[in-house]
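> Got a structure for you, written out below as structure tokens; questions coming shortly.
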There are 2 protein chains.
Amino acid sequence: MHAPTRKGVIEAAERIAAILPPTPLLPVTIGGTACWVKAESLQPIGAFKIRGGWNRLSQLSDEQRARGVVGVSSGNHAQGVAWAAKRLGIHAAIVMPNDAPQVKLANVRALGADIVLYDRPGGEDRDVISARLCEERGATFVHAYGDPWVIEGQGSAGIEAAAQLAQRGVDGPTRFIACCGGGGLSAGLALACPEAEIVPVEPEGWDDVARSLEAGEIVSVGPNPPPTACDALQTPATWPVNFEVLKRRASPGLAVSEAEVRAAQRFAFSELRLVLEPGGAAALAAALAGKAALDSGTVIMLTGGNVDPAAFAAVIAGAD
Amino acid sequence: MHAPTRKGVIEAAERIAAILPPTPLLPVTIGGTACWVKAESLQPIGAFKIRGGWNRLSQLSDEQRARGVVGVSSGNHAQGVAWAAKRLGIHAAIVMPNDAPQVKLANVRALGADIVLYDRPGGEDRDVISARLCEERGATFVHAYGDPWVIEGQGSAGIEAAAQLAQRGVDGPTRFIACCGGGGLSAGLALACPEAEIVPVEPEGWDDVARSLEAGEIVSVGPNPPPTACDALQTPATWPVNFEVLKRRASPGLAVSEAEVRAAQRFAFSELRLVLEPGGAAALAAALAGKAALDSGTVIMLTGGNVDPAAFAAVIAGAD
């Protein structure tokens with residue numbers, strides 16, 4: 001595997017622009033500061049993961065394509081891989097936790113991928129399952145974030161945002177505030193826009209990237225991390241390929257509470273008229289809570305909108 | 001008042017492009033046919049009405065501006081007028097029904113407009129109230145749809161959609177399916193795109209435009225029209241300035257049921273990750289129900305997303 005590069009991100013952006021229109025960059029005012037949101041939740045699969053999935057799968061050789069791919073994901077990377085696999089005629093098997101949102105399971109199934117379920121708390125190890133699947137089929141494993149092609153794909157969102165700001169005569173991006181699981185998007189944005197500050201945002205108790213940045217080396221989440229509604233951001237540790245980029249570029253990482261995430265979902269509903277899943281609202285939560293600095297070139301990434309109706313209804317009808 | 005023209009729509013589109021980015025044109029597949037939605041719900045006020053409001057108020061003379069404006073609206077036209085008034089430093093008074101969605105009342109208030117409430121079923125006539133306000137202040141009345149500048153402003157959405165389709169190499173717009181209250185948007189789109197079919201969609205029992213098109217003359221909704229969640233589409237009759245355009249251009253109008261509207265709100269939530277108010281989902285409802293023809297150049301207008309959280313929660317958590 002190569003180290004991801006800015007050149008790779010620019011090439012990924014070209015590949016992605018050939019099949020997907022840019023996602024909207026929308027103005028928003030938070031605490032009196034006008035800045036921007038990039039609505040990756042409006043991708044066809046409802047998440048930015050379509051970028052990395054397409055960039056990885058479209059680069060496979062004919063032989064690799066014939067043997068298929070395997071992924072592990074709570075649902076958004078799964079949909080990204082499944083979407084690209086369907087379009088390219090590649091077989092995809094996705095290992096998903098059995099507590100994944102129903103909407104994500106249904107969407108992956110609808111895209112024609114095979115789903116192999118595992119029991120998230122304490123069941124069979126997902127890495128063992130995926131390794132076995134790869135061995136059985138000679139399939140290519142597509143990691144959700146620890147993969148240079150995936151990182152370069154996600155970074156294409158930064159190339160788009162820079163072009164969109166330039167069209168409007170705005171200097172920037174000065175800063176990306178990004179929902180962060182394993183750090184694939186954050187690393188991609190860092191490569192895409194060398195002048196921008198990168199602010200990864202994780203759920204409280206799942207802030208392994210923030211703690212890794214502080215420690216100067218990769219550290220995992222602690223034992224028994226708290227429950228979180230941000231299923232998309234439940235990653236135990238970042239990977240070296242991500243950390244190599246982030247340790248030189250990212251600001252201190254931020255952590256947001258579950259209540260701050262719900263407040264951000266409500267803000268997106270009422271002020272932006274956008275549906276965000278909890279994990280897709282974490283960066284907005286940090287901005288609304290006053291935890292992240294904002295300026296006219298700041299771009300807040302809204303990373304996903306795949307959420308079960310009952311869960312979303314409870315959040316927007318609630319007040320805490 | 002002048003008759004609205006295509007030239008007027010093109011000039012309006014230039015005025016609006018100077019202050020607002022185009023709303024996204026997003027791909028959607030319905031019943032196997034790939035077509036488009038134009039997400040006017042992503043305007044800063046959450047509705048296309050910002051177009052007509054801006055086009056009307058920005059054309060007022062200095063003397064007119066000094067005397068202020070008056071509007072009548074259940075909330076989206078109110079926000080459009082209030083947004084433009086705030087930006088131009090014009091006083092705005094809006095006559096609103098006391099059963100308007102709370103979110104619309106709050107948004108109009110937040111934009112600094114004065115709200116004068118009236119009792120929708122059987123209270124004081126809103127036209128009497130607004131006429132009195134205009135007389136007291138010498139203010140300009142801004143009609144929600146029966147106004148050539150407003151019609152031309154709404155039509156700017158069609159100019160944008162045509163440019164967006166051209167960018168993607170698609171022939172069209174071949175057809176606009178548009179939520180229809182008084183017919184301001186439908187008339188504007190008809191002028192914007194002379195080659196496109198115009199399909200106005202109204203709630204059942206409020207389909208005065210459809211019946212007017214059938215009758216060849218303006219007819220009102222019947223006595224005691226049924227209750228509808230589509231507050232934005234509760235107009236008793238279209239106006240001559242709208243009907244003059246529509247009678248030569250619009251297809252037979254369509255009517256959708258309350259259940260079809262709710263189904264469309266759920267589709268927008270789960271498939272498009274967009275928040276739509278009932279009245280903003282009527283055109284999509286007609287498409288999903290198989291009532292409207294679709295092709296690769298069809299643009300479905302998603303006209304608004306201002307909905308109270310409890311009402312939206314009940315719809316998406318429901319099944320009917």
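A note on labels: chains of the structure tokens are A, B, ... as shown, every chain counts residues from 1, and ligands are counted from 1 in their shown order.
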Contacts of Asn107 of chain A at 10 Å or less, counting only C-alpha atoms, minus same-chain residues fewer than 2 places along, as a VMD selection string?
(chain A and resid 45 75 to 76 78 to 79 82 to 83 102 to 105 109 to 113 306) or (chain B and resid 271)
> Hey, could you make a per-residue contact list for chain B against chain A with 8 Å as the cut-off, showing the nearest pair of atoms and its distance in Å to one decimal, counting only C-alpha atoms, sorted by chain and number, as a Markdown table?

```
| residue | atom | partner | partner_atom | distance |
| --- | --- | --- | --- | --- |
| B:Pro24 | CA | A:Pro24 | CA | 6.4 |
| B:Pro27 | CA | A:Pro44 | CA | 7.9 |
| B:Ser41 | CA | A:Arg273 | CA | 6.8 |
| B:Leu42 | CA | A:Arg273 | CA | 6.5 |
| B:Pro44 | CA | A:Leu272 | CA | 7.6 |
| B:Gly46 | CA | A:Arg273 | CA | 6.8 |
| B:Phe269 | CA | A:Val275 | CA | 6.7 |
| B:Ser270 | CA | A:Asn306 | CA | 7.2 |
| B:Glu271 | CA | A:Gly46 | CA | 7.8 |
| B:Leu272 | CA | A:Leu42 | CA | 6.5 |
| B:Arg273 | CA | A:Val275 | CA | 4.8 |
| B:Leu274 | CA | A:Leu274 | CA | 4.9 |
| B:Val275 | CA | A:Arg273 | CA | 4.8 |
| B:Leu276 | CA | A:Arg273 | CA | 7.3 |
| B:Gly305 | CA | A:Arg273 | CA | 5.8 |
| B:Asn306 | CA | A:Ser270 | CA | 7.2 |
| B:Val307 | CA | A:Ser270 | CA | 7.9 |
| B:Pro309 | CA | A:Ala317 | CA | 5.6 |
| B:Ala310 | CA | A:Ala317 | CA | 5.2 |
| B:Phe312 | CA | A:Ala313 | CA | 7.5 |
| B:Ala313 | CA | A:Ala313 | CA | 4.3 |
| B:Ala314 | CA | A:Ala313 | CA | 7.2 |
| B:Ile316 | CA | A:Pro309 | CA | 5.7 |
| B:Ala317 | CA | A:Ala310 | CA | 5.2 |
```
> With only C-alpha atoms as the counted atoms, please give the residues lying no more than 9 Å from Pro148 of chain A, apart from itself and same-chain residues fewer than 4 positions off, as a ChimeraX atom specification.
/A:1-5,8,56,152-153,184,188,241-242
> Output N, CA and C atoms of each residue in that selection to a file, as a short mmCIF file (atom, residue, chain, number, x, y, z; two decimals), in the first residue's frame.

```cif
data_model
loop_
_atom_site.label_atom_id
_atom_site.label_comp_id
_atom_site.auth_asym_id
_atom_site.auth_seq_id
_atom_site.Cartn_x
_atom_site.Cartn_y
_atom_site.Cartn_z
N MET A 1 0.86 -1.20 0.00
CA MET A 1 0.00 0.00 0.00
C MET A 1 0.89 1.24 0.00
N HIS A 2 0.47 2.22 -0.80
CA HIS A 2 1.23 3.46 -0.87
C HIS A 2 0.80 4.40 0.24
N ALA A 3 1.63 5.42 0.49
CA ALA A 3 1.19 6.48 1.40
C ALA A 3 0.25 7.39 0.61
N PRO A 4 -0.85 7.80 1.21
CA PRO A 4 -1.77 8.68 0.47
C PRO A 4 -1.13 10.05 0.26
N THR A 5 -1.45 10.66 -0.89
CA THR A 5 -0.83 11.93 -1.25
C THR A 5 -1.87 12.93 -1.73
N GLY A 8 -2.85 12.04 -5.17
CA GLY A 8 -3.84 10.97 -5.17
C GLY A 8 -5.24 11.50 -4.89
N ARG A 56 -11.59 3.35 -4.30
CA ARG A 56 -10.89 2.07 -4.08
C ARG A 56 -11.29 1.04 -5.13
N GLU A 152 -7.75 8.92 0.11
CA GLU A 152 -7.70 9.85 -1.03
C GLU A 152 -9.11 10.12 -1.57
N GLY A 153 -9.93 9.09 -1.57
CA GLY A 153 -11.32 9.28 -2.02
C GLY A 153 -12.07 10.25 -1.13
N GLY A 184 -10.34 8.58 8.39
CA GLY A 184 -10.17 8.55 6.94
C GLY A 184 -10.52 9.88 6.30
N GLY A 188 -7.92 12.64 4.67
CA GLY A 188 -8.13 13.02 3.27
C GLY A 188 -8.24 14.53 3.11
N VAL A 241 -1.64 4.62 8.79
CA VAL A 241 -1.71 5.38 7.54
C VAL A 241 -2.48 6.68 7.74
N ASN A 242 -3.45 6.69 8.63
CA ASN A 242 -4.18 7.91 8.96
C ASN A 242 -3.37 8.80 9.90
#
```
> Neighbouring residues of Ala12 of chain A were defined as those with any atom within 9 Å, considering only C-alpha atoms; residues of the same chain fewer than 5 positions away were excluded. Please report them as a list in words.
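Listing them by chain and then by number gives Lys7, Ala17, Arg51, Gly52, Trp54, Asn55, Trp149, Glu152, Gly153, Gln154, Gly155 and Ser156 of chain A.
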> Output all heavy atoms for every residue in that selection, as a short mmCIF file (atom, residue, chain, number, x, y, z; two decimals), in the first residue's frame.

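The new file result_24.cif reads:
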```
data_model
loop_
_atom_site.label_atom_id
_atom_site.label_comp_id
_atom_site.auth_asym_id
_atom_site.auth_seq_id
_atom_site.Cartn_x
_atom_site.Cartn_y
_atom_site.Cartn_z
N LYS A 7 -1.64 14.45 -4.57
CA LYS A 7 -1.86 14.10 -5.97
C LYS A 7 -2.93 13.00 -6.07
O LYS A 7 -3.81 13.04 -6.94
CB LYS A 7 -0.53 13.62 -6.57
CG LYS A 7 -0.59 13.21 -8.02
CD LYS A 7 0.83 13.11 -8.58
CE LYS A 7 0.82 12.57 -10.01
NZ LYS A 7 0.53 11.12 -10.07
N ALA A 17 -15.78 13.19 -9.64
CA ALA A 17 -16.55 14.22 -10.37
C ALA A 17 -17.14 13.65 -11.66
O ALA A 17 -18.14 14.15 -12.16
CB ALA A 17 -15.66 15.42 -10.68
N ARG A 51 -17.39 8.14 -1.65
CA ARG A 51 -16.16 8.62 -2.29
C ARG A 51 -15.04 7.59 -2.18
O ARG A 51 -14.43 7.21 -3.18
CB ARG A 51 -15.72 9.93 -1.64
CG ARG A 51 -16.73 11.07 -1.75
CD ARG A 51 -16.24 12.31 -0.98
NE ARG A 51 -17.20 13.40 -1.07
CZ ARG A 51 -17.26 14.28 -2.08
NH1 ARG A 51 -16.38 14.20 -3.07
NH2 ARG A 51 -18.15 15.24 -2.10
N GLY A 52 -14.77 7.16 -0.94
CA GLY A 52 -13.69 6.20 -0.74
C GLY A 52 -14.01 4.86 -1.38
O GLY A 52 -13.12 4.20 -1.94
N TRP A 54 -15.83 4.28 -4.04
CA TRP A 54 -15.65 4.37 -5.49
C TRP A 54 -14.17 4.45 -5.86
O TRP A 54 -13.71 3.78 -6.79
CB TRP A 54 -16.40 5.58 -6.07
CG TRP A 54 -16.23 5.68 -7.55
CD1 TRP A 54 -15.45 6.57 -8.23
CD2 TRP A 54 -16.82 4.81 -8.54
NE1 TRP A 54 -15.53 6.33 -9.58
CE2 TRP A 54 -16.36 5.25 -9.79
CE3 TRP A 54 -17.70 3.72 -8.47
CZ2 TRP A 54 -16.76 4.65 -10.99
CZ3 TRP A 54 -18.07 3.12 -9.66
CH2 TRP A 54 -17.60 3.57 -10.89
N ASN A 55 -13.41 5.25 -5.13
CA ASN A 55 -12.00 5.42 -5.48
C ASN A 55 -11.24 4.12 -5.31
O ASN A 55 -10.36 3.79 -6.12
CB ASN A 55 -11.36 6.51 -4.61
CG ASN A 55 -10.05 7.00 -5.19
OD1 ASN A 55 -9.99 7.33 -6.38
ND2 ASN A 55 -9.01 7.03 -4.37
N TRP A 149 -6.25 4.50 -0.71
CA TRP A 149 -7.22 4.87 -1.76
C TRP A 149 -8.50 5.41 -1.14
O TRP A 149 -9.13 6.31 -1.68
CB TRP A 149 -7.54 3.67 -2.65
CG TRP A 149 -6.41 3.17 -3.48
CD1 TRP A 149 -6.03 3.63 -4.71
CD2 TRP A 149 -5.51 2.11 -3.15
NE1 TRP A 149 -4.95 2.92 -5.17
CE2 TRP A 149 -4.60 1.98 -4.24
CE3 TRP A 149 -5.36 1.26 -2.05
CZ2 TRP A 149 -3.58 1.03 -4.26
CZ3 TRP A 149 -4.34 0.31 -2.07
CH2 TRP A 149 -3.47 0.22 -3.16
N GLU A 152 -7.75 8.92 0.11
CA GLU A 152 -7.70 9.85 -1.03
C GLU A 152 -9.11 10.12 -1.57
O GLU A 152 -9.43 11.24 -1.96
CB GLU A 152 -6.78 9.29 -2.12
CG GLU A 152 -5.30 9.35 -1.72
CD GLU A 152 -4.37 8.53 -2.61
OE1 GLU A 152 -4.87 7.71 -3.42
OE2 GLU A 152 -3.14 8.71 -2.48
N GLY A 153 -9.93 9.09 -1.57
CA GLY A 153 -11.32 9.28 -2.02
C GLY A 153 -12.07 10.25 -1.13
O GLY A 153 -12.72 11.18 -1.60
N GLN A 154 -11.97 10.04 0.17
CA GLN A 154 -12.69 10.93 1.10
C GLN A 154 -12.18 12.37 0.94
O GLN A 154 -12.97 13.33 1.04
CB GLN A 154 -12.52 10.49 2.57
CG GLN A 154 -12.57 9.00 2.88
CD GLN A 154 -13.81 8.25 2.47
OE1 GLN A 154 -14.44 8.59 1.48
NE2 GLN A 154 -14.12 7.19 3.19
N GLY A 155 -10.91 12.52 0.70
CA GLY A 155 -10.34 13.86 0.56
C GLY A 155 -10.92 14.64 -0.60
O GLY A 155 -10.84 15.88 -0.63
N SER A 156 -11.52 13.94 -1.55
CA SER A 156 -12.11 14.65 -2.70
C SER A 156 -13.18 15.65 -2.25
O SER A 156 -13.43 16.65 -2.94
CB SER A 156 -12.70 13.64 -3.70
OG SER A 156 -13.79 12.95 -3.12
#
```
> Could you give me, as a PyMOL selection string, each residue of segment 3-37 of chain A that DSSP assigns to helix (DSSP H, G or I) when run on this structure's backbone?
chain A and resi 6-17
> Go ahead and save the residues from that selection, with C-alpha atoms, as a compact mmCIF listing (two decimals), in the first residue's frame.

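To be explicit, this is the file written out as again35.txt:
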```txt
# COMPACT_ATOMS: atom_id res chain seq x y z
CA ARG A 6 -2.36 15.22 -2.37
CA LYS A 7 -1.86 14.10 -5.97
CA GLY A 8 -3.84 10.97 -5.17
CA VAL A 9 -6.64 13.08 -3.70
CA ILE A 10 -6.76 15.28 -6.81
CA GLU A 11 -6.96 12.20 -9.04
CA ALA A 12 -9.69 10.77 -6.81
CA ALA A 13 -11.61 14.03 -7.09
CA GLU A 14 -11.49 13.73 -10.89
CA ARG A 15 -12.74 10.14 -10.79
CA ILE A 16 -15.56 11.08 -8.45
CA ALA A 17 -16.55 14.22 -10.37
```
> Given the choices B:Glu63, B:Glu197, B:Glu124, B:Asp320, which gets closest to Ile300 of chain B if the distance is worked out from only C-alpha atoms?
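Selected residue with least distance to Ile300 of chain B: B:Glu197.
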> Could you jot down the atom CA of Pro203 of chain B to atom CA of Asp99 of chain B separation for me, Å, one decimal place?
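Distance reported for this atom pair: 17.9 Å.
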